[in-house]
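Note: the block below is model09.tsv and it holds TSV, C-alpha atoms.
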chain	number	residue	atom	x	y	z
W	142	MET	CA	7.45	16.20	4.52
W	143	THR	CA	9.38	12.92	4.31
W	144	PHE	CA	11.82	11.99	1.57
W	145	GLY	CA	9.25	9.61	0.07
W	146	GLU	CA	6.60	12.31	-0.08
W	147	LYS	CA	9.04	14.77	-1.65
W	148	LEU	CA	10.16	12.23	-4.25
W	149	ARG	CA	6.62	11.29	-5.19
W	150	GLN	CA	5.51	14.93	-5.39
W	151	THR	CA	8.54	15.92	-7.49
W	152	ARG	CA	8.17	12.92	-9.81
W	153	LYS	CA	4.52	13.69	-10.48
W	154	ALA	CA	5.24	17.39	-11.02
W	155	SER	CA	7.80	16.36	-13.65
W	156	GLY	CA	5.28	14.17	-15.44
W	157	LEU	CA	7.19	10.94	-14.84
W	158	SER	CA	5.69	7.56	-14.02
W	159	GLN	CA	7.41	5.34	-11.47
W	160	GLU	CA	8.61	3.11	-14.28
W	161	GLU	CA	10.07	6.05	-16.23
W	162	LEU	CA	11.95	7.29	-13.17
W	163	ALA	CA	13.19	3.76	-12.49
W	164	GLU	CA	14.60	3.56	-16.02
W	165	LYS	CA	16.40	6.88	-15.61
W	166	LEU	CA	17.96	5.69	-12.36
W	167	ASN	CA	18.60	2.14	-13.60
W	168	VAL	CA	16.71	0.62	-10.68
W	169	SER	CA	13.53	-1.45	-10.41
W	170	ARG	CA	10.08	0.10	-10.19
W	171	GLN	CA	9.73	-1.70	-6.85
W	172	ALA	CA	12.67	0.35	-5.56
W	173	ILE	CA	10.85	3.57	-6.47
W	174	THR	CA	7.75	2.28	-4.68
W	175	LYS	CA	9.81	1.45	-1.60
W	176	TRP	CA	11.35	4.93	-1.50
W	177	GLU	CA	8.06	6.76	-2.10
W	178	THR	CA	6.31	4.88	0.69
W	179	ASP	CA	9.16	5.52	3.16
W	180	LYS	CA	10.13	1.87	3.41
W	181	GLY	CA	13.71	2.89	2.70
W	182	ILE	CA	15.87	5.59	1.13
W	183	PRO	CA	18.28	5.43	-1.84
W	184	ASP	CA	22.00	5.06	-1.42
W	185	ILE	CA	24.19	8.11	-1.85
W	186	ALA	CA	24.82	7.48	-5.56
W	187	ASN	CA	21.10	7.34	-6.34
W	188	LEU	CA	20.43	10.36	-4.11
W	189	MET	CA	22.96	12.36	-6.13
W	190	THR	CA	21.40	11.21	-9.41
W	191	ILE	CA	17.90	12.13	-8.20
W	192	SER	CA	19.16	15.52	-7.06
W	193	ASN	CA	20.77	16.22	-10.44
W	194	LEU	CA	17.79	14.90	-12.39
W	195	PHE	CA	15.28	17.22	-10.73
W	196	GLY	CA	17.65	20.11	-10.10
W	197	ILE	CA	17.04	20.05	-6.34
W	198	ALA	CA	19.80	20.21	-3.76
W	199	MET	CA	20.31	16.87	-2.05
W	200	ASP	CA	20.06	18.48	1.39
W	201	ASP	CA	16.60	19.79	0.49
W	202	PHE	CA	15.51	16.27	-0.45
W	203	ILE	CA	16.78	14.61	2.71
W	204	SER	CA	16.40	17.37	5.29
W	205	GLU	CA	14.10	15.12	7.35
W	206	GLU	CA	15.88	11.88	6.48
W	207	LYS	CA	19.48	12.56	7.49
W	208	SER	CA	19.22	9.97	10.21
W	209	ALA	CA	18.21	7.46	7.51
W	210	GLN	CA	15.27	6.27	9.53
W	211	THR	CA	13.03	3.67	7.92
W	212	ALA	CA	9.67	2.23	8.95
W	213	LYS	CA	11.53	-0.22	11.18
W	214	SER	CA	13.66	2.37	13.01
W	215	ARG	CA	11.33	5.20	13.93
W	216	LEU	CA	11.85	6.90	17.24
W	217	TYR	CA	8.78	5.48	18.99
W	218	GLU	CA	7.26	2.03	18.66
W	219	SER	CA	4.57	-0.13	20.22
W	220	VAL	CA	4.49	-3.86	19.41
W	221	THR	CA	1.70	-6.36	20.11
W	222	GLU	CA	2.06	-10.08	19.30
W	223	TYR	CA	-0.32	-13.03	19.48
W	224	ASP	CA	0.10	-16.71	18.55
W	225	ILE	CA	-2.66	-18.70	16.83
W	226	ASP	CA	-2.86	-22.42	16.11
W	227	GLY	CA	-5.30	-22.79	13.22
W	228	LYS	CA	-6.92	-21.15	10.25
W	229	LYS	CA	-8.88	-18.02	11.05
W	230	ASP	CA	-10.85	-15.28	9.35
W	231	PHE	CA	-9.65	-11.79	10.22
W	232	ASP	CA	-11.59	-8.59	10.84
W	233	ILE	CA	-9.14	-5.65	11.11
W	234	LYS	CA	-10.23	-2.12	12.01
W	235	LEU	CA	-7.41	0.41	12.25
W	236	GLY	CA	-8.95	3.87	12.06
W	237	SER	CA	-6.75	6.68	10.70
W	238	ALA	CA	-3.01	6.42	10.00
W	239	LYS	CA	-0.47	7.81	7.60
W	240	SER	CA	0.50	4.39	6.30
W	241	VAL	CA	-0.74	0.84	6.71
W	242	SER	CA	1.29	-2.21	5.75
W	243	ILE	CA	-0.13	-5.74	5.66
W	244	ARG	CA	2.47	-8.45	5.22
W	245	GLY	CA	2.36	-12.23	5.24
W	246	GLY	CA	4.59	-14.16	7.61
W	247	GLY	CA	5.83	-17.73	7.76
W	248	ASP	CA	4.99	-18.64	11.36
W	249	GLU	CA	1.92	-18.71	13.62
W	250	LYS	CA	2.34	-15.22	14.98
W	251	ILE	CA	0.24	-12.08	14.53
W	252	LYS	CA	2.32	-8.94	14.95
W	253	VAL	CA	0.98	-5.39	15.10
W	254	VAL	CA	3.58	-2.60	15.12
W	255	LEU	CA	2.64	1.04	15.68
W	256	SER	CA	5.46	3.48	15.02
W	257	SER	CA	6.05	7.21	14.77
W	258	ASP	CA	8.78	9.82	14.85
W	259	SER	CA	6.66	12.34	16.76
W	260	LEU	CA	3.96	10.55	18.78
W	261	GLN	CA	5.90	9.78	21.94
W	262	GLN	CA	3.15	8.12	23.98
W	263	LEU	CA	2.11	5.44	21.51
W	264	ARG	CA	1.26	2.86	24.17
W	265	GLN	CA	-0.94	5.29	26.05
W	266	ASP	CA	-2.51	7.05	23.07
W	267	PHE	CA	-3.21	3.99	20.90
W	268	LYS	CA	-4.48	0.65	22.17
W	269	THR	CA	-4.12	-2.49	20.10
W	270	LYS	CA	-6.78	-5.10	20.86
W	271	ILE	CA	-6.68	-8.68	19.53
W	272	ASP	CA	-9.71	-10.90	20.19
W	273	ASP	CA	-9.71	-14.62	19.34
W	274	ILE	CA	-13.36	-15.59	18.81
W	275	LYS	CA	-13.85	-19.18	17.62
W	276	ASN	CA	-12.83	-19.14	13.96
W	277	ARG	CA	-12.25	-15.39	13.77
W	278	ILE	CA	-9.60	-12.94	14.92
W	279	ASP	CA	-10.60	-9.31	15.52
W	280	ILE	CA	-7.79	-6.76	15.45
W	281	GLU	CA	-8.55	-3.17	16.42
W	282	VAL	CA	-6.45	-0.06	17.01
W	283	HIS	CA	-8.22	2.49	19.20
W	284	ARG	CA	-7.10	6.12	19.36
W	285	ALA	CA	-7.44	7.90	22.68
W	286	LYS	CA	-8.96	11.36	22.96
W	287	THR	CA	-5.51	12.71	23.81
W	288	VAL	CA	-4.55	12.43	20.12
W	289	GLY	CA	-6.40	14.13	17.29
W	290	GLU	CA	-7.29	12.37	14.07
W	291	THR	CA	-5.08	14.79	12.14
W	292	ASP	CA	-2.06	13.73	14.21
W	293	ALA	CA	-2.82	10.08	13.47
W	294	LYS	CA	-3.18	10.74	9.73
W	295	GLU	CA	0.11	12.62	9.59
W	296	ASN	CA	2.30	10.71	12.04
W	297	LEU	CA	1.10	7.16	12.74
W	298	HIS	CA	2.39	4.14	10.83
W	299	ILE	CA	0.85	0.69	11.28
W	300	GLU	CA	2.43	-2.58	10.17
W	301	ILE	CA	0.60	-5.88	10.56
W	302	VAL	CA	2.16	-9.31	9.97
W	303	LEU	CA	-0.32	-12.15	9.46
W	304	PRO	CA	0.45	-15.90	9.30
W	305	ASN	CA	-0.05	-16.97	5.68
W	306	LYS	CA	-0.69	-20.62	6.52
W	307	TYR	CA	-3.59	-19.73	8.82
W	308	LEU	CA	-5.04	-16.88	6.80
W	309	GLY	CA	-8.71	-17.11	5.84
W	310	ARG	CA	-11.00	-14.36	4.61
W	311	THR	CA	-9.65	-11.00	5.76
W	312	GLU	CA	-11.50	-7.71	6.01
W	313	LEU	CA	-9.50	-4.51	6.50
W	314	ASP	CA	-10.93	-1.09	7.32
W	315	ALA	CA	-8.62	1.94	7.51
W	316	ALA	CA	-8.19	5.54	6.41
W	317	CYS	CA	-4.61	6.13	5.28
W	318	ARG	CA	-2.47	7.81	2.69
W	319	ASN	CA	-0.48	4.69	1.75
W	320	LEU	CA	-1.58	1.05	1.85
W	321	ILE	CA	1.05	-1.62	1.22
W	322	VAL	CA	0.19	-5.30	0.71
W	323	ASN	CA	3.22	-7.57	0.47
W	324	GLU	CA	4.02	-11.30	0.50
W	325	LEU	CA	0.41	-12.16	1.31
W	326	GLU	CA	-1.31	-15.45	0.46
W	327	CYS	CA	-4.97	-14.89	1.14
W	328	GLY	CA	-8.14	-16.53	-0.14
W	329	ASN	CA	-9.90	-13.18	0.00
W	330	LEU	CA	-8.70	-9.77	1.22
W	331	GLU	CA	-11.26	-6.95	1.24
W	332	PHE	CA	-10.21	-3.36	1.89
W	333	GLY	CA	-12.90	-0.86	2.77
W	334	GLY	CA	-11.96	2.70	3.60
W	335	ARG	CA	-9.81	5.42	2.12
W	336	CYS	CA	-6.32	5.46	0.66
W	337	GLU	CA	-4.58	7.48	-2.03
W	338	TYR	CA	-1.85	4.99	-2.89
W	339	CYS	CA	-1.92	1.20	-2.82
W	340	GLY	CA	1.23	-0.84	-3.43
W	341	ILE	CA	0.75	-4.57	-4.09
W	342	GLU	CA	3.65	-6.99	-4.40
W	343	ASN	CA	3.77	-10.79	-4.34
W	344	PHE	CA	0.08	-11.20	-3.60
W	345	SER	CA	-1.84	-14.41	-4.13
W	346	GLY	CA	-5.65	-14.60	-3.85
W	347	ILE	CA	-8.56	-12.21	-4.36
W	348	PHE	CA	-8.04	-8.58	-3.35
W	349	GLU	CA	-11.18	-6.42	-3.29
W	350	ILE	CA	-10.63	-2.65	-3.01
W	351	ASP	CA	-13.69	-0.58	-2.08
W	352	CYS	CA	-12.62	3.06	-2.18
W	353	ASN	CA	-14.16	6.07	-3.91
W	354	LEU	CA	-11.04	8.21	-3.92
W	355	ASP	CA	-8.95	8.68	-7.05
W	356	MET	CA	-6.20	6.15	-6.37
W	357	GLU	CA	-2.76	5.26	-7.64
W	358	ILE	CA	-2.24	1.50	-7.55
W	359	ASP	CA	1.19	-0.01	-8.08
W	360	LEU	CA	0.50	-3.60	-9.06
W	361	GLY	CA	3.56	-5.78	-8.72
W	362	GLN	CA	3.58	-9.54	-9.09
W	363	PHE	CA	0.24	-11.14	-8.27
W	364	LYS	CA	-1.68	-14.36	-8.81
W	365	GLY	CA	-5.45	-14.26	-8.64
W	366	SER	CA	-7.55	-11.15	-9.00
W	367	VAL	CA	-7.53	-7.49	-8.00
W	368	GLU	CA	-11.07	-6.10	-8.00
W	369	ILE	CA	-11.51	-2.32	-7.78
W	370	ASN	CA	-14.96	-1.08	-6.80
W	371	GLN	CA	-15.46	2.70	-7.18
W	372	ILE	CA	-18.16	5.29	-7.77
W	373	ARG	CA	-17.36	8.40	-9.83
W	374	ALA	CA	-13.60	7.99	-9.49
W	375	THR	CA	-10.63	7.94	-11.84
W	376	SER	CA	-7.80	5.69	-10.73
W	377	ARG	CA	-4.49	4.63	-12.20
W	378	VAL	CA	-2.95	1.16	-12.13
W	379	LEU	CA	0.72	0.70	-12.98
W	380	VAL	CA	1.57	-2.87	-14.06
W	381	GLY	CA	4.90	-4.39	-15.01
W	382	ARG	CA	5.46	-5.60	-18.54
W	383	GLU	CA	6.16	-9.07	-17.21
W	384	GLN	CA	2.80	-9.35	-15.41
W	385	ASP	CA	0.03	-11.01	-17.43
W	386	PHE	CA	-3.63	-10.28	-16.67
W	387	ARG	CA	-7.04	-10.00	-18.29
W	388	THR	CA	-9.35	-7.07	-17.75
W	389	ILE	CA	-13.01	-7.31	-16.72
W	390	VAL	CA	-15.34	-4.30	-16.58
W	391	LYS	CA	-18.60	-4.55	-14.65
W	392	GLY	CA	-21.12	-2.10	-13.26
W	393	ILE	CA	-22.69	0.97	-14.87
W	394	GLY	CA	-20.88	3.52	-17.00
W	395	ASN	CA	-17.37	2.25	-16.23
W	396	SER	CA	-14.46	2.33	-18.69
W	397	VAL	CA	-10.83	1.29	-18.98
W	398	VAL	CA	-8.09	2.97	-20.99
W	399	TYR	CA	-4.53	1.81	-21.59
W	400	ARG	CA	-1.24	3.68	-21.73
W	401	ASP	CA	2.23	2.53	-22.70
W	402	ASP	CA	5.15	4.72	-21.57
W	403	GLY	CA	2.71	7.56	-20.98
W	404	SER	CA	1.10	7.40	-24.44
W	405	PRO	CA	-2.38	6.06	-25.35
W	406	ALA	CA	-2.20	2.37	-26.28
W	407	GLU	CA	-4.32	-0.51	-27.48
W	408	ASP	CA	-5.57	-3.09	-25.00
W	409	PHE	CA	-2.47	-5.02	-23.89
W	410	SER	CA	-4.25	-7.36	-21.48
W	411	LYS	CA	-4.33	-11.09	-22.24
W	412	PRO	CA	-7.84	-12.61	-22.61
W	413	ASP	CA	-6.64	-16.09	-21.64
W	414	SER	CA	-4.78	-15.07	-18.47
W	415	GLU	CA	-5.81	-16.62	-15.17
W	416	ASN	CA	-5.01	-13.34	-13.39
W	417	ILE	CA	-7.79	-10.74	-13.37
W	418	LEU	CA	-7.85	-6.96	-13.04
W	419	GLU	CA	-11.48	-5.96	-12.58
W	420	LEU	CA	-13.29	-2.61	-12.40
W	421	CYS	CA	-16.70	-2.56	-10.70
W	422	GLY	CA	-18.98	0.17	-9.44
W	423	MET	CA	-20.44	3.12	-11.31
W	424	LYS	CA	-19.25	5.90	-13.63
W	425	SER	CA	-15.55	5.32	-12.97
W	426	GLU	CA	-12.49	5.14	-15.19
W	427	LEU	CA	-9.43	2.97	-14.74
W	428	VAL	CA	-6.20	3.94	-16.48
W	429	ILE	CA	-3.91	0.94	-16.86
W	430	GLU	CA	-0.27	1.85	-17.57
W	431	ARG	CA	2.89	-0.06	-18.20

Go ahead and express the file in the form of C-alpha cells.
Amino acid sequence: MTFGEKLRQTRKASGLSQEELAEKLNVSRQAITKWETDKGIPDIANLMTISNLFGIAMDDFISEEKSAQTAKSRLYESVTEYDIDGKKDFDIKLGSAKSVSIRGGGDEKIKVVLSSDSLQQLRQDFKTKIDDIKNRIDIEVHRAKTVGETDAKENLHIEIVLPNKYLGRTELDAACRNLIVNELECGNLEFGGRCEYCGIENFSGIFEIDCNLDMEIDLGQFKGSVEINQIRATSRVLVGREQDFRTIVKGIGNSVVYRDDGSPAEDFSKPDSENILELCGMKSELVIER
C-alpha cells in the first residue's frame, strides 16, 4: 500500500474530510489531494505532524515511500508522443489502471506516459496506439496477455497530456481507482467507466461523469459544468468555500444534501452562478460538502 493509500484510509477511518485534515496541518486541500493520489509526499515536518496526529509511527506510513518516488519518478516508464497541427476530437480508451491523469498542455504535443514500480516490461506488455483520423485522434492502451487485469489495476499508472489549444470533444473510457483532471480547457469531456476517486482542478468546460460506483469527487477550481450521471449510487463532492456554483437535479428519484464541516447544512449553492454542478440518472444521492 502506498503512502497516499495509507493516508486516505487513515483519514477516512478517523472521520476527517480532506479539508479538515488540511486545516489541522495548515496546508491546502489540494495538497492533501496530491498526497492521497500519490502525486507527491509531504515534507518531513508534515510527515511528523501526520504521524503524531494519527498515532502511527512515521516509518509505518512511509515504508514503501522511503525513496520518495512520485508519479514522475517510478522505476519503469514508457513514453509515447505525437504532434498535431489543428483542432481534434479525442476518443481515449485505456482499459484498467490504478490511476489515470489527464492534463492540459500548452503546445501541440500529445504525450502518453505509462509508469510502474513493479511492471518491468511496460513496452512489451502495454502498447500505446495513437491514430490520427481526419478530425479525430484515437488513443488506445492495449494490455498483452502476459499481464493480468489485476496487475494493471494495482500497478499501472497512466498520464496523458493533451494540447489545450487543439482540444475538441473528448471521450475517455477507463477503469481505475483514481482519476485526476488538471489544467484542462475542454469544450466537452465525457468519462465513461469506473473510478472511486476523481480529483478535478483548474478545469474549464463541460465534464460529464458516467459512473455507477459510489464516488468521492474533489472539485477544485472550475469554470463551466460538472455533470454526474449515476444509477443507485451515493457519491460525495467536496467543494472549496471560494468556489461558486449552482446545483441542478435531473432524472428520477435523485436528491442532493449539503454538509458544512461535516454537519448537515442548508443549500449553500448560488442560483445565479454560471458554474453548474448537476446530478442526473436515477435513484442516486449526491452529498455536497465544504

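Minimum atom-to-atom distances from W:Glu415, W:Glu177, W:Glu161, W:Asp201 to Tyr338 in chain W were compared using only C-alpha atoms, and the lowest value belongs to W:Glu177.
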
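Between Glu357 in chain W and the candidates W:Tyr223, W:Gly340, W:Ser345, W:Asp279, the tightest atom-to-atom separation, counting all atoms listed in the file, involves W:Gly340.
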
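Point (-7.8, -5.7, -6.7) has the following residues at most 7 Å away: Ile347, Phe348, Glu349, Ile350, Ser366, Val367, Glu368, Ile369, Leu418 and Glu419 of chain W (atoms considered: all atoms listed in the file).
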
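From CA of Glu430 in chain W back to CA of Leu325 in chain W, the distance works out to 23.5 Å.
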
Self-check item: Spatial neighbours of range 300-317 of chain W, 9 Å, all atoms listed in the file, chain gap at least 6 places, as a PyMOL selection string
Solution: chain W and resi 212+225-256+277+294+324-338

Skipping near chain neighbours, those fewer than 5 positions away, what residues fall within 9 Å of Ala172 in chain W using all atoms listed in the file, listed as a PDB file with C-alpha atoms, in the frame of the given file?
ATOM      1  CA  ALA W 163      13.190   3.760 -12.490  1.00  0.00           C
ATOM      2  CA  GLU W 177       8.060   6.760  -2.100  1.00  0.00           C
ATOM      3  CA  GLY W 181      13.710   2.890   2.700  1.00  0.00           C
ATOM      4  CA  PRO W 183      18.280   5.430  -1.840  1.00  0.00           C
TER       5      PRO W 183
END

Write out as a Markdown table a residue-level contact list of range 243-338 of chain W versus range 145-155 of chain W with cut-off 12 Å: for each qualifying residue the closest pair of atoms and the distance in Å to one decimal, counting only C-alpha atoms, rows sorted by chain and residue number upward.
| residue | atom | partner | partner_atom | distance |
| --- | --- | --- | --- | --- |
| W:Glu295 | CA | W:Glu146 | CA | 11.7 |
| W:Arg318 | CA | W:Glu146 | CA | 10.5 |
| W:Asn319 | CA | W:Glu146 | CA | 10.6 |
| W:Tyr338 | CA | W:Arg149 | CA | 10.8 |

Practice problem: Find the residues around Asp402 in chain W up to 10 Å (only C-alpha atoms counted), leave out those fewer than 4 positions away in its own chain, and share them as an MDAnalysis selection string. | Solution: chainID W and resid 157:158 160:161 406 430:431

Self-check item: Selection near range 384-397 of chain W, 7 Å with only C-alpha atoms, sequence-local residues under 3 positions removed, as a PyMOL selection string
Solution: chain W and resi 362+380-381+410-428

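CA of Val322 in chain W to CA of Phe363 in chain W spans 10.7 Å [interatomic distance, one decimal].
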
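What separates CA of Thr190 in chain W from CA of Gly403 in chain W is a distance of 22.3 Å.
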
Spatial neighbours of Asn187 in chain W, 10 Å, only C-alpha atoms, chain gap at least 5 places, as a JSON list (two decimals) with C-alpha atoms, in the coordinates of the input:
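Full text of selection08.json as output:
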[["chain", "number", "residue", "atom", "x", "y", "z"],
["W", 166, "LEU", "CA", 17.96, 5.69, -12.36],
["W", 167, "ASN", "CA", 18.60, 2.14, -13.60],
["W", 168, "VAL", "CA", 16.71, 0.62, -10.68],
["W", 182, "ILE", "CA", 15.87, 5.59, 1.13],
["W", 192, "SER", "CA", 19.16, 15.52, -7.06],
["W", 193, "ASN", "CA", 20.77, 16.22, -10.44]]

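If you measure from each of W:Glu218, W:Asp408, W:Asp355, W:Asp292 to Gln262 in chain W using all atoms listed in the file, the closest one turns out to be W:Glu218.
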
Final N, CA and C atoms of range 269-300 of chain W as a compact mmCIF listing (two decimals), in the frame of the given file:
# COMPACT_ATOMS: atom_id res chain seq x y z
N THR W 269 -3.93 -1.40 21.05
CA THR W 269 -4.12 -2.49 20.10
C THR W 269 -4.85 -3.63 20.81
N LYS W 270 -5.96 -4.04 20.25
CA LYS W 270 -6.78 -5.10 20.86
C LYS W 270 -6.90 -6.26 19.89
N ILE W 271 -6.57 -7.46 20.34
CA ILE W 271 -6.68 -8.68 19.53
C ILE W 271 -7.61 -9.65 20.25
N ASP W 272 -8.74 -9.96 19.62
CA ASP W 272 -9.71 -10.90 20.19
C ASP W 272 -9.76 -12.17 19.34
N ASP W 273 -9.63 -13.31 20.00
CA ASP W 273 -9.71 -14.62 19.34
C ASP W 273 -11.08 -15.20 19.63
N ILE W 274 -11.97 -15.18 18.62
CA ILE W 274 -13.36 -15.59 18.81
C ILE W 274 -13.67 -16.76 17.87
N LYS W 275 -13.62 -17.97 18.40
CA LYS W 275 -13.85 -19.18 17.62
C LYS W 275 -12.98 -19.20 16.38
N ASN W 276 -13.59 -19.06 15.20
CA ASN W 276 -12.83 -19.14 13.96
C ASN W 276 -12.46 -17.77 13.39
N ARG W 277 -12.51 -16.74 14.25
CA ARG W 277 -12.25 -15.39 13.77
C ARG W 277 -11.33 -14.64 14.73
N ILE W 278 -10.46 -13.83 14.15
CA ILE W 278 -9.60 -12.94 14.92
C ILE W 278 -10.02 -11.50 14.62
N ASP W 279 -10.31 -10.74 15.66
CA ASP W 279 -10.60 -9.31 15.52
C ASP W 279 -9.37 -8.52 15.99
N ILE W 280 -8.90 -7.63 15.11
CA ILE W 280 -7.79 -6.76 15.45
C ILE W 280 -8.27 -5.32 15.34
N GLU W 281 -8.12 -4.56 16.43
CA GLU W 281 -8.55 -3.17 16.42
C GLU W 281 -7.47 -2.28 17.03
N VAL W 282 -7.32 -1.09 16.44
CA VAL W 282 -6.45 -0.06 17.01
C VAL W 282 -7.35 1.11 17.40
N HIS W 283 -7.37 1.42 18.69
CA HIS W 283 -8.22 2.49 19.20
C HIS W 283 -7.37 3.71 19.54
N ARG W 284 -7.80 4.86 19.08
CA ARG W 284 -7.10 6.12 19.36
C ARG W 284 -7.75 6.81 20.55
N ALA W 285 -6.93 7.21 21.51
CA ALA W 285 -7.44 7.90 22.68
C ALA W 285 -7.77 9.35 22.34
N LYS W 286 -8.56 9.97 23.19
CA LYS W 286 -8.96 11.36 22.96
C LYS W 286 -7.80 12.33 23.09
N THR W 287 -6.69 11.85 23.64
CA THR W 287 -5.51 12.71 23.81
C THR W 287 -4.80 12.99 22.49
N VAL W 288 -5.17 12.24 21.44
CA VAL W 288 -4.55 12.43 20.12
C VAL W 288 -5.64 12.73 19.11
N GLY W 289 -5.43 13.78 18.32
CA GLY W 289 -6.40 14.13 17.29
C GLY W 289 -6.26 13.25 16.07
N GLU W 290 -7.32 13.19 15.28
CA GLU W 290 -7.29 12.37 14.07
C GLU W 290 -6.26 12.90 13.08
N THR W 291 -6.08 14.21 13.04
CA THR W 291 -5.08 14.79 12.14
C THR W 291 -3.68 14.30 12.48
N ASP W 292 -3.36 14.24 13.79
CA ASP W 292 -2.06 13.73 14.21
C ASP W 292 -1.86 12.28 13.76
N ALA W 293 -2.91 11.48 13.89
CA ALA W 293 -2.82 10.08 13.47
C ALA W 293 -2.59 9.99 11.96
N LYS W 294 -3.32 10.78 11.19
CA LYS W 294 -3.18 10.74 9.73
C LYS W 294 -1.81 11.19 9.26
N GLU W 295 -1.18 12.06 10.03
CA GLU W 295 0.11 12.62 9.59
C GLU W 295 1.31 11.90 10.18
N ASN W 296 1.12 11.19 11.31
CA ASN W 296 2.30 10.71 12.04
C ASN W 296 2.29 9.24 12.45
N LEU W 297 1.17 8.55 12.28
CA LEU W 297 1.10 7.16 12.74
C LEU W 297 1.30 6.19 11.58
N HIS W 298 2.16 5.21 11.81
CA HIS W 298 2.39 4.14 10.83
C HIS W 298 2.02 2.81 11.48
N ILE W 299 1.29 1.99 10.74
CA ILE W 299 0.85 0.69 11.28
C ILE W 299 1.33 -0.42 10.35
N GLU W 300 2.01 -1.38 10.93
CA GLU W 300 2.43 -2.58 10.17
C GLU W 300 1.84 -3.81 10.84
